[in-house]
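Undergrad: Quick one: the structure is below, and I'll ask about it shortly.
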Amino acid sequence: MSRSIVAQAHHVLTRGYHLRTSVSQRLCVRALSKVEAPIVKRGATFYAPSEESLGYLASLLAQNLSPGDCYCLHGDVGAGKSVFSRAFIREVAQDDYLPVPSPTYLLQNVYDDHGDPPIHHFDLYRLTSNTDLGRLSLAESWQKAVSLVEWADRLEGRMPEQRLSIHIKVMDDLSEGQDGLFGMGPRPMQPGQQPAGSSTSQTATQSPLDEEGTIDLGEEVDLYTDRRWRQVVLEPHGPHWQARVADVLHHVISDDSTRGLILVAADGGS
């Protein structure tokens, strides 16, 4: 086996080497057996060219859950936090059609039909007071449940010390004429944009979107095909989450069907 391939895999998983194409990722597959399991200290960055690829990443993080796991989701309105949460919960429930409404007004929804540990899904967008925060019993969730927290920045320092911060950002800086990032795939479609060659147009007279920019009814309503690229940064806090992120990297690099998800960088720190 080429020493350069082994070295590349080692850099990818432990020293912050950048991978800009899926081809580069595949070069590391055969080398993985030669590389010790990494500890990713500072995090990993991915590009998700579609909601499907973002959902694929969520499904990887939904494996091997433990009570006390906490996923803190950060991002602007419409970034994809609810898309991530929906895919995560459906993966745990093993039900691709499970209704997963956004708890924008209730602040919290609980899923426990799959067994233990239960999933506590929070949406803190409308959190307005300490009274609202107090009725959520966060301390109990941090200990006994798997917590998915959208708009986690609203907690203002009340997040558990051991957690995974997930930062999602729509990549609006892609140029209009660019045929996809690094020459891969079509450029992102904007909300309401019709596919090339389409002769039909649809206008939504009343949008059922919530503040996150997604359907708040738990239903699949295809208003448009969201093909905007997103940057997703996994930031682990604590050794448990460092190991979990490293496990995700192994899957992404070795999986033949990543739904287009691209590993851009992994940082093992010093």
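Identifiers in this document derive from the order of the structure tokens: chains are assigned A, B, ..., residues are numbered from 1 separately in each chain, and ligands are numbered from 1 in order of occurrence.
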Please list as a list in words every residue within 8 Å of A:Leu65, counting only C-alpha atoms and excluding residues in the same chain fewer than 3 positions away.
TA: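 Near A:Leu65, the qualifying residues are Ala62, Asp69, Pro117 and Val146 of chain A.
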Undergrad: Those residues with C-alpha atoms, as an mmCIF file, in the first residue's frame please?
TA:
```
data_model
loop_
_atom_site.group_PDB
_atom_site.id
_atom_site.type_symbol
_atom_site.label_atom_id
_atom_site.label_comp_id
_atom_site.auth_asym_id
_atom_site.auth_seq_id
_atom_site.Cartn_x
_atom_site.Cartn_y
_atom_site.Cartn_z
ATOM 1 C CA ALA A 62 -28.323 9.085 15.728
ATOM 2 C CA ASP A 69 -26.394 12.868 25.023
ATOM 3 C CA PRO A 117 -33.472 6.628 25.990
ATOM 4 C CA VAL A 146 -31.176 12.406 24.413
#
```
Undergrad: For A:Val92, list every protein, DNA or RNA residue within 10 Å, evaluated using only C-alpha atoms, and leave out those in the same chain fewer than 4 positions away; present the list as a PyMOL selection string.
TA: chain A and resi 59+61-65+87-88+96+111-112+114-115+118-119
Undergrad: Print the selection's residues with N, CA, C and O atoms to a file, as an mmCIF file, in the first residue's frame.
TA:
```
data_model
loop_
_atom_site.group_PDB
_atom_site.id
_atom_site.type_symbol
_atom_site.label_atom_id
_atom_site.label_comp_id
_atom_site.auth_asym_id
_atom_site.auth_seq_id
_atom_site.Cartn_x
_atom_site.Cartn_y
_atom_site.Cartn_z
ATOM 1 N N SER A 59 -28.378 11.016 10.518
ATOM 2 C CA SER A 59 -28.592 9.586 10.774
ATOM 3 C C SER A 59 -27.346 8.930 11.359
ATOM 4 O O SER A 59 -27.453 8.016 12.183
ATOM 5 N N LEU A 61 -25.195 10.435 13.344
ATOM 6 C CA LEU A 61 -25.104 10.886 14.726
ATOM 7 C C LEU A 61 -26.208 10.306 15.600
ATOM 8 O O LEU A 61 -26.149 10.411 16.825
ATOM 9 N N ALA A 62 -27.211 9.685 14.971
ATOM 10 C CA ALA A 62 -28.323 9.085 15.728
ATOM 11 C C ALA A 62 -28.032 7.641 16.130
ATOM 12 O O ALA A 62 -28.908 6.969 16.674
ATOM 13 N N GLN A 63 -26.819 7.174 15.905
ATOM 14 C CA GLN A 63 -26.455 5.805 16.253
ATOM 15 C C GLN A 63 -25.881 5.751 17.675
ATOM 16 O O GLN A 63 -25.270 6.698 18.142
ATOM 17 N N ASN A 64 -26.090 4.603 18.334
ATOM 18 C CA ASN A 64 -25.458 4.335 19.635
ATOM 19 C C ASN A 64 -25.713 5.443 20.644
ATOM 20 O O ASN A 64 -24.787 6.019 21.230
ATOM 21 N N LEU A 65 -26.981 5.740 20.858
ATOM 22 C CA LEU A 65 -27.353 6.822 21.769
ATOM 23 C C LEU A 65 -27.253 6.389 23.226
ATOM 24 O O LEU A 65 -27.445 5.225 23.568
ATOM 25 N N ALA A 87 -34.609 14.300 10.574
ATOM 26 C CA ALA A 87 -33.894 13.112 10.091
ATOM 27 C C ALA A 87 -33.343 12.298 11.255
ATOM 28 O O ALA A 87 -33.365 11.063 11.231
ATOM 29 N N PHE A 88 -32.850 12.969 12.273
ATOM 30 C CA PHE A 88 -32.305 12.299 13.460
ATOM 31 C C PHE A 88 -33.384 11.467 14.152
ATOM 32 O O PHE A 88 -33.196 10.281 14.439
ATOM 33 N N ASP A 96 -39.421 6.425 8.363
ATOM 34 C CA ASP A 96 -39.148 7.534 7.463
ATOM 35 C C ASP A 96 -40.320 8.491 7.301
ATOM 36 O O ASP A 96 -40.159 9.566 6.712
ATOM 37 N N TYR A 111 -40.241 12.083 22.351
ATOM 38 C CA TYR A 111 -40.404 10.864 21.557
ATOM 39 C C TYR A 111 -39.853 9.694 22.364
ATOM 40 O O TYR A 111 -38.666 9.682 22.715
ATOM 41 N N ASP A 112 -40.722 8.729 22.660
ATOM 42 C CA ASP A 112 -40.276 7.594 23.476
ATOM 43 C C ASP A 112 -40.853 6.255 23.018
ATOM 44 O O ASP A 112 -40.626 5.231 23.670
ATOM 45 N N HIS A 114 -39.904 4.448 20.680
ATOM 46 C CA HIS A 114 -38.822 3.558 20.263
ATOM 47 C C HIS A 114 -38.161 2.872 21.446
ATOM 48 O O HIS A 114 -37.359 1.957 21.279
ATOM 49 N N GLY A 115 -38.452 3.313 22.663
ATOM 50 C CA GLY A 115 -37.812 2.759 23.853
ATOM 51 C C GLY A 115 -36.861 3.763 24.472
ATOM 52 O O GLY A 115 -36.948 4.966 24.222
ATOM 53 N N PRO A 118 -35.356 8.177 25.821
ATOM 54 C CA PRO A 118 -36.288 9.024 25.072
ATOM 55 C C PRO A 118 -35.542 10.185 24.423
ATOM 56 O O PRO A 118 -34.432 10.535 24.832
ATOM 57 N N ILE A 119 -36.168 10.774 23.414
ATOM 58 C CA ILE A 119 -35.606 11.955 22.762
ATOM 59 C C ILE A 119 -36.431 13.174 23.167
ATOM 60 O O ILE A 119 -37.658 13.179 23.024
#
```
Undergrad: At what distance in Å, to one decimal, does atom CA of A:Arg228 lie from atom CA of A:Asp172?
TA: 8.0 Å
Undergrad: So that I can check the surroundings of A:Tyr47, please list as number ranges by chain every protein, DNA and RNA residue that reaches within 7 Å of it, counting only C-alpha atoms and ignoring chain neighbours fewer than 3 positions away.
TA: A: 229-232, 261-264
Undergrad: So that I can see what lies close to A:Ile168, please list as an NGL selection string the residues with an atom at most 9 Å from it, counting only C-alpha atoms and leaving out residues fewer than 6 positions away in the same chain.
TA: :A and (73-76 or 79-81 or 230-233)
Undergrad: Rounded to one decimal, what separation in Å do you get between atom CA of A:Cys70 and atom CA of A:Leu155?
TA: 13.0 Å
Undergrad: For a quick check of understanding, using only C-alpha atoms, which of A:Leu57, A:Ile89, A:Ala48, A:Leu164 has the smallest distance to A:Trp241?
TA: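 Between A:Leu57, A:Ile89, A:Ala48, A:Leu164, the residue approaching A:Trp241 most closely is A:Leu164.
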Undergrad: Quick one: DSSP strand (DSSP E) residues in stretch 88-140 of chain A, as an MDAnalysis selection string?
TA: chainID A and resid 108:111 119:123
Undergrad: Would you please extract all alpha helix (DSSP H) residues from stretch 21-151 of chain A, as assigned by DSSP on the backbone, and give them as an NGL selection string?
TA: :A and (22-26 or 51-61 or 81-93 or 130-134 or 138-144)
Undergrad: Using only C-alpha atoms, can you tell me which of A:Tyr125, A:Asp226, A:Leu249, A:His240 comes closest to A:Glu52?
TA: A:Asp226
